[in-house]
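Colleague: Please find one structure pasted underneath; my questions will follow.
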Amino acid sequence: MIRLESFLVLSAILFSLGVYGVLARRHAVLILMSVELMLNAASINMVAFAAYTSPERFTGIIFAIFIITVAAAEVGLALAIVLRIFRNRTTANVDEVHQLKW
Amino acid sequence: MNLDYSLLIPEYLLAALAAVVIALGLYDTRRARTYLPYVSAGGLAAILVVSLFYINKGPLDFAGLVQIDNYTTFFRVLFIGITAVVCLASAHFVRDRLRHAGEYYGLLILSTIGAIYMAAGRELITAYIAMELLSFSLYVLVSFAKMDAKSNEGGMKYMLLGAFSSALFLYGLSLIYGVAGSTSYADINAALSNGVGDFGIAMLMGLVLIIAGIGFKVSAVPFHMWAPDAYEGAPLPITAYLSAASKAAGVALLLRLFTEAFLPVLSDWRWMIAALAAASMTLGNLVAIQQHNIKRLLAYSSIGQAGFMLMGIAALSEMAASTLVLHLTGYVITNLAAFVVVIAFYNASGKDEIADYRGLAERAPFLALSLTVALFSLAGMPLFAGFATKFLLFQAVAKEGLLWLAALAVVNSLISLYYYLLVIKQMYVGETEEKVRLRVPAGVNAVIVALVIGVFVVGLYPQPLFKATDNAVHAVFPTTAAKQAHDTGSSPSESPLPGR
């Protein structure tokens, strides 16, 4: 039997990797991929808590399904916006898109 | 489980209206752009009337997911009203400058549903999905001017930071779910009252992440970085909508979540919110001074206003919460008035720098006067909405022992007066070469008149509104909330059936 802590550590590592990716990456698509890592970390947490703390109710598992759906919608939308930027600017690097400041 | 679908009629009607609007936009593309704003605003007004029937109904819940009480009803009316005003204010802007009018109005209406459920959700999954429904619609709307590089950029920054913050929020929710073993606010409240044992750190971490996620929505410092860029890049009516509905929805969610779920651990999060409030109002107002674009000025001023609102959450008492909702309403009316004037000016002249407002008093005396009223009200001058609501809010905060925060807020109000006066000076003292009078459509003038009257009514005779906010807040507060938690039992599935 794998202990609950192992899942939590896994999700914490995934989440930290995601945060690091968002802060360190400069390409919009890679930032989105890092956000996906963070969302997946949250899903792992949800499912692990659901399975270990209240196995008779499925709240956490349902939540995880919602997260997957929302994440898919988010990526579809985000890529459309990034595509727009790329068409207009021929770059999707967040450093090079800086018309607006202060 | 209570599956009384009649509780959600206003939302079904909103969804149907959105579908109709989008369909009209698709099948009658040429003419739709001129009449769609009025169709949307008319439909919204009708739905607003329908939602008035829910006053003093409940508290009832739908399947343990959505709570229908006075708080929900209050925010339903507020959000539908905001959307109706924004639709009317968009009419000329969208007709002249944007394509795909159907999607524009349809998304605005859909985002309203998200905002309403943020206030109504009594459970974490619903709150999260509602927040995403609002955010996703807004990502699209902010980048709606497809060919405009600024709009693209504002949209991308908003979307990337929004996705990041909602992931933080979600991880926070997962930790709280783990600690409390349930996603329902009432159950979380019960679990936290019994003590969290070894999970203290997890709970604290969850709270920090949740505050970060909602702080982003209400654009509180240090999660405000997206706001000026999104405000400047977005089509102007959407900027107005962002500053009014998006912020109000964030505050509504924060207030319900933190009173219904996290009240037992008040001492753990009070200082976090107080720090955010202090940072937001100070930084927002100081940076606003050096802005030269009216949208960015209003963006930073709205960051400062977010500080005032968080202050009401930090001093969480029934009185403070009620004055907070009152201040929020006053702010929404005032800010919409300011933005409708800015939109009218932009439609007529195509300019949005503060320097362009020079001599506006001669070119469009009515616009200048209305903007002056709105800015004075934002600064909190007597006679106007801002004074009455701020006075009550600061008083309630000081009473809760956060005197330093209230004092800081007063100082910040003075700072904000300075930069609002700069704009007013430009309009009345500045000379301009252009003597052509600006033409403002009658419909827009009517909207401005209504909003300005609203500003004066809230400023001079706030009692009826105050009573409404009192009733609204009463629904979420422990005196009643504790009773409800007791009634509902530990599991949402045992909730009593309504007698409808």
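Note on naming: chains are A, B, ... as they come in the structure tokens, residues start from 1 per chain, ligands start from 1 in the order shown.
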Give me the residues of chain B that have any atom at most 8 Å from an atom of chain A; for each, the nearest atom pair and the distance in Å, rounded to one decimal. Use only C-alpha atoms, sort by chain and number, and format it as JSON lines.
Modeller:
{"residue": "B:Ile125", "atom": "CA", "partner": "A:Phe63", "partner_atom": "CA", "distance": 6.4}
{"residue": "B:Ile129", "atom": "CA", "partner": "A:Val70", "partner_atom": "CA", "distance": 7.8}
{"residue": "B:Glu132", "atom": "CA", "partner": "A:Val70", "partner_atom": "CA", "distance": 7.7}
{"residue": "B:Phe136", "atom": "CA", "partner": "A:Glu74", "partner_atom": "CA", "distance": 7.3}
{"residue": "B:Val140", "atom": "CA", "partner": "A:Leu77", "partner_atom": "CA", "distance": 7.7}
{"residue": "B:Ser143", "atom": "CA", "partner": "A:Ile81", "partner_atom": "CA", "distance": 7.3}
{"residue": "B:Lys146", "atom": "CA", "partner": "A:Arg84", "partner_atom": "CA", "distance": 7.2}
{"residue": "B:Met147", "atom": "CA", "partner": "A:Asn88", "partner_atom": "CA", "distance": 7.3}
{"residue": "B:Ala149", "atom": "CA", "partner": "A:Asn88", "partner_atom": "CA", "distance": 6.8}
{"residue": "B:Lys150", "atom": "CA", "partner": "A:Gln99", "partner_atom": "CA", "distance": 6.8}
{"residue": "B:Asn152", "atom": "CA", "partner": "A:Ile85", "partner_atom": "CA", "distance": 5.9}
{"residue": "B:Glu153", "atom": "CA", "partner": "A:Val97", "partner_atom": "CA", "distance": 6.7}
{"residue": "B:Gly154", "atom": "CA", "partner": "A:Leu100", "partner_atom": "CA", "distance": 7.8}
{"residue": "B:Gly155", "atom": "CA", "partner": "A:Ile81", "partner_atom": "CA", "distance": 7.2}
{"residue": "B:Met156", "atom": "CA", "partner": "A:Ile81", "partner_atom": "CA", "distance": 6.3}
{"residue": "B:Met159", "atom": "CA", "partner": "A:Ala78", "partner_atom": "CA", "distance": 6.8}
{"residue": "B:Leu160", "atom": "CA", "partner": "A:Leu32", "partner_atom": "CA", "distance": 7.1}
{"residue": "B:Ala163", "atom": "CA", "partner": "A:Val35", "partner_atom": "CA", "distance": 6.8}
{"residue": "B:Phe164", "atom": "CA", "partner": "A:Val35", "partner_atom": "CA", "distance": 5.8}
{"residue": "B:Ala167", "atom": "CA", "partner": "A:Leu39", "partner_atom": "CA", "distance": 5.5}
{"residue": "B:Leu168", "atom": "CA", "partner": "A:Met38", "partner_atom": "CA", "distance": 7.6}
{"residue": "B:Leu170", "atom": "CA", "partner": "A:Ala42", "partner_atom": "CA", "distance": 6.3}
{"residue": "B:Tyr171", "atom": "CA", "partner": "A:Ala42", "partner_atom": "CA", "distance": 4.8}
{"residue": "B:Ser174", "atom": "CA", "partner": "A:Met46", "partner_atom": "CA", "distance": 5.5}
{"residue": "B:Leu175", "atom": "CA", "partner": "A:Asn45", "partner_atom": "CA", "distance": 7.4}
{"residue": "B:Tyr177", "atom": "CA", "partner": "A:Met46", "partner_atom": "CA", "distance": 7.5}
{"residue": "B:Gly178", "atom": "CA", "partner": "A:Phe49", "partner_atom": "CA", "distance": 5.4}
{"residue": "B:Gly181", "atom": "CA", "partner": "A:Thr53", "partner_atom": "CA", "distance": 6.6}
{"residue": "B:Ser182", "atom": "CA", "partner": "A:Thr59", "partner_atom": "CA", "distance": 7.4}
{"residue": "B:Thr183", "atom": "CA", "partner": "A:Thr59", "partner_atom": "CA", "distance": 7.4}
{"residue": "B:Pro228", "atom": "CA", "partner": "A:Trp102", "partner_atom": "CA", "distance": 7.5}
{"residue": "B:Asp229", "atom": "CA", "partner": "A:Leu100", "partner_atom": "CA", "distance": 5.9}
{"residue": "B:Glu232", "atom": "CA", "partner": "A:Leu100", "partner_atom": "CA", "distance": 7.7}
{"residue": "B:Gly233", "atom": "CA", "partner": "A:Leu100", "partner_atom": "CA", "distance": 7.7}
{"residue": "B:Gln291", "atom": "CA", "partner": "A:Trp102", "partner_atom": "CA", "distance": 7.6}
Colleague: Any chance you can output those residues with N, CA and C atoms as a JSON list (two decimals), in the first residue's frame?
Modeller:
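Everything below was put into out.json:
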[["chain", "number", "residue", "atom", "x", "y", "z"],
["B", 125, "ILE", "N", -16.03, 23.42, -5.77],
["B", 125, "ILE", "CA", -15.99, 23.10, -7.20],
["B", 125, "ILE", "C", -16.81, 24.12, -7.97],
["B", 129, "ILE", "N", -15.43, 26.57, -10.91],
["B", 129, "ILE", "CA", -15.95, 26.56, -12.29],
["B", 129, "ILE", "C", -16.53, 27.93, -12.63],
["B", 132, "GLU", "N", -13.82, 30.29, -13.46],
["B", 132, "GLU", "CA", -13.24, 30.05, -14.77],
["B", 132, "GLU", "C", -14.18, 30.50, -15.88],
["B", 136, "PHE", "N", -12.65, 32.93, -18.51],
["B", 136, "PHE", "CA", -12.48, 32.54, -19.91],
["B", 136, "PHE", "C", -13.19, 33.52, -20.83],
["B", 140, "VAL", "N", -11.24, 36.13, -23.74],
["B", 140, "VAL", "CA", -11.61, 36.34, -25.14],
["B", 140, "VAL", "C", -11.97, 37.80, -25.37],
["B", 143, "SER", "N", -9.05, 40.28, -25.61],
["B", 143, "SER", "CA", -8.30, 40.24, -26.86],
["B", 143, "SER", "C", -9.25, 40.26, -28.05],
["B", 146, "LYS", "N", -9.20, 41.80, -32.82],
["B", 146, "LYS", "CA", -8.28, 40.79, -33.33],
["B", 146, "LYS", "C", -7.02, 41.37, -33.96],
["B", 147, "MET", "N", -7.19, 42.47, -34.69],
["B", 147, "MET", "CA", -6.07, 43.02, -35.44],
["B", 147, "MET", "C", -5.29, 44.06, -34.65],
["B", 149, "ALA", "N", -2.75, 45.13, -32.04],
["B", 149, "ALA", "CA", -1.65, 44.48, -31.32],
["B", 149, "ALA", "C", -1.76, 44.70, -29.82],
["B", 150, "LYS", "N", -2.25, 45.86, -29.41],
["B", 150, "LYS", "CA", -2.36, 46.15, -27.97],
["B", 150, "LYS", "C", -3.37, 45.22, -27.31],
["B", 152, "ASN", "N", -4.29, 42.27, -28.39],
["B", 152, "ASN", "CA", -3.69, 40.93, -28.34],
["B", 152, "ASN", "C", -2.79, 40.80, -27.13],
["B", 153, "GLU", "N", -1.94, 41.82, -26.96],
["B", 153, "GLU", "CA", -0.95, 41.74, -25.90],
["B", 153, "GLU", "C", -1.62, 41.76, -24.52],
["B", 154, "GLY", "N", -2.60, 42.68, -24.37],
["B", 154, "GLY", "CA", -3.32, 42.73, -23.09],
["B", 154, "GLY", "C", -3.97, 41.39, -22.81],
["B", 155, "GLY", "N", -4.61, 40.82, -23.86],
["B", 155, "GLY", "CA", -5.28, 39.53, -23.69],
["B", 155, "GLY", "C", -4.31, 38.43, -23.31],
["B", 156, "MET", "N", -3.14, 38.41, -23.96],
["B", 156, "MET", "CA", -2.20, 37.32, -23.67],
["B", 156, "MET", "C", -1.68, 37.43, -22.25],
["B", 159, "MET", "N", -4.40, 36.40, -19.92],
["B", 159, "MET", "CA", -4.67, 34.97, -19.98],
["B", 159, "MET", "C", -3.56, 34.17, -19.30],
["B", 160, "LEU", "N", -2.29, 34.49, -19.57],
["B", 160, "LEU", "CA", -1.19, 33.71, -18.97],
["B", 160, "LEU", "C", -1.19, 33.86, -17.46],
["B", 163, "ALA", "N", -4.29, 32.13, -15.98],
["B", 163, "ALA", "CA", -4.17, 30.68, -15.90],
["B", 163, "ALA", "C", -3.26, 30.29, -14.75],
["B", 164, "PHE", "N", -2.16, 31.01, -14.60],
["B", 164, "PHE", "CA", -1.22, 30.74, -13.51],
["B", 164, "PHE", "C", -1.92, 30.90, -12.16],
["B", 167, "ALA", "N", -4.39, 28.26, -11.36],
["B", 167, "ALA", "CA", -3.75, 27.01, -10.96],
["B", 167, "ALA", "C", -3.32, 27.08, -9.50],
["B", 168, "LEU", "N", -2.82, 28.25, -9.08],
["B", 168, "LEU", "CA", -2.48, 28.42, -7.65],
["B", 168, "LEU", "C", -3.72, 28.23, -6.79],
["B", 170, "LEU", "N", -6.40, 26.65, -7.45],
["B", 170, "LEU", "CA", -6.87, 25.27, -7.47],
["B", 170, "LEU", "C", -6.05, 24.39, -6.54],
["B", 171, "TYR", "N", -4.74, 24.60, -6.53],
["B", 171, "TYR", "CA", -3.90, 23.81, -5.63],
["B", 171, "TYR", "C", -4.27, 24.12, -4.18],
["B", 174, "SER", "N", -7.30, 22.23, -3.37],
["B", 174, "SER", "CA", -7.06, 20.81, -3.15],
["B", 174, "SER", "C", -6.51, 20.58, -1.74],
["B", 175, "LEU", "N", -5.67, 21.50, -1.26],
["B", 175, "LEU", "CA", -5.15, 21.34, 0.10],
["B", 175, "LEU", "C", -6.26, 21.49, 1.14],
["B", 177, "TYR", "N", -9.39, 20.95, 0.67],
["B", 177, "TYR", "CA", -10.23, 19.75, 0.56],
["B", 177, "TYR", "C", -9.59, 18.61, 1.37],
["B", 178, "GLY", "N", -8.28, 18.48, 1.24],
["B", 178, "GLY", "CA", -7.60, 17.43, 1.98],
["B", 178, "GLY", "C", -7.71, 17.63, 3.48],
["B", 181, "GLY", "N", -11.73, 17.47, 4.21],
["B", 181, "GLY", "CA", -12.42, 16.26, 3.78],
["B", 181, "GLY", "C", -13.72, 16.53, 3.06],
["B", 182, "SER", "N", -13.97, 17.78, 2.71],
["B", 182, "SER", "CA", -15.20, 18.09, 1.99],
["B", 182, "SER", "C", -14.98, 19.39, 1.23],
["B", 183, "THR", "N", -15.82, 19.62, 0.21],
["B", 183, "THR", "CA", -15.69, 20.86, -0.53],
["B", 183, "THR", "C", -16.80, 21.84, -0.19],
["B", 228, "PRO", "N", -3.12, 46.83, -15.29],
["B", 228, "PRO", "CA", -2.94, 47.99, -16.16],
["B", 228, "PRO", "C", -2.84, 47.60, -17.63],
["B", 229, "ASP", "N", -2.14, 46.51, -17.92],
["B", 229, "ASP", "CA", -1.97, 46.11, -19.32],
["B", 229, "ASP", "C", -3.28, 45.63, -19.93],
["B", 232, "GLU", "N", -5.58, 48.61, -20.45],
["B", 232, "GLU", "CA", -5.24, 49.48, -21.56],
["B", 232, "GLU", "C", -5.48, 48.78, -22.88],
["B", 233, "GLY", "N", -5.17, 47.47, -22.95],
["B", 233, "GLY", "CA", -5.28, 46.77, -24.21],
["B", 233, "GLY", "C", -6.72, 46.45, -24.59],
["B", 291, "GLN", "N", 0.43, 58.42, -14.16],
["B", 291, "GLN", "CA", -0.11, 57.89, -15.40],
["B", 291, "GLN", "C", -0.51, 59.01, -16.35]]
Colleague: With a distance cut-off of 8 Å and only C-alpha atoms, select the neighbouring residues of Leu17 of chain B, excluding the residue or stretch itself and same-chain residues fewer than 3 positions from it, and output the selection as a PDB file with C-alpha atoms, in the first residue's frame.
Modeller:
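Result file result_8.pdb:
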ATOM      1  CA  LEU B  13     -32.733  32.864 -18.967  1.00  0.00           C
ATOM      2  CA  LEU B  14     -29.273  34.423 -19.196  1.00  0.00           C
ATOM      3  CA  VAL B  20     -30.263  34.062 -28.959  1.00  0.00           C
ATOM      4  CA  VAL B  21     -27.793  36.935 -29.180  1.00  0.00           C
ATOM      5  CA  SER B  40     -29.136  42.313 -24.901  1.00  0.00           C
ATOM      6  CA  GLY B  43     -33.289  41.000 -22.186  1.00  0.00           C
ATOM      7  CA  GLY B 106     -23.042  36.665 -25.982  1.00  0.00           C
ATOM      8  CA  ILE B 109     -23.875  37.666 -20.885  1.00  0.00           C
TER       9      ILE B 109
END
Colleague: Sort by chain and increasing residue number a table of all residues of segment 116-235 of chain B within 8 Å of segment 269-283 of chain B, each with its closest pair of atoms and their distance in Å to one decimal, counting only C-alpha atoms, and write it as a Markdown table.
Modeller:
| residue | atom | partner | partner_atom | distance |
| --- | --- | --- | --- | --- |
| B:Leu207 | CA | B:Trp269 | CA | 7.2 |
| B:Val208 | CA | B:Met272 | CA | 8.0 |
| B:Ile211 | CA | B:Ile273 | CA | 7.8 |
| B:Ala220 | CA | B:Ser280 | CA | 5.3 |
| B:Val221 | CA | B:Ser280 | CA | 4.6 |
| B:Pro222 | CA | B:Ser280 | CA | 7.4 |
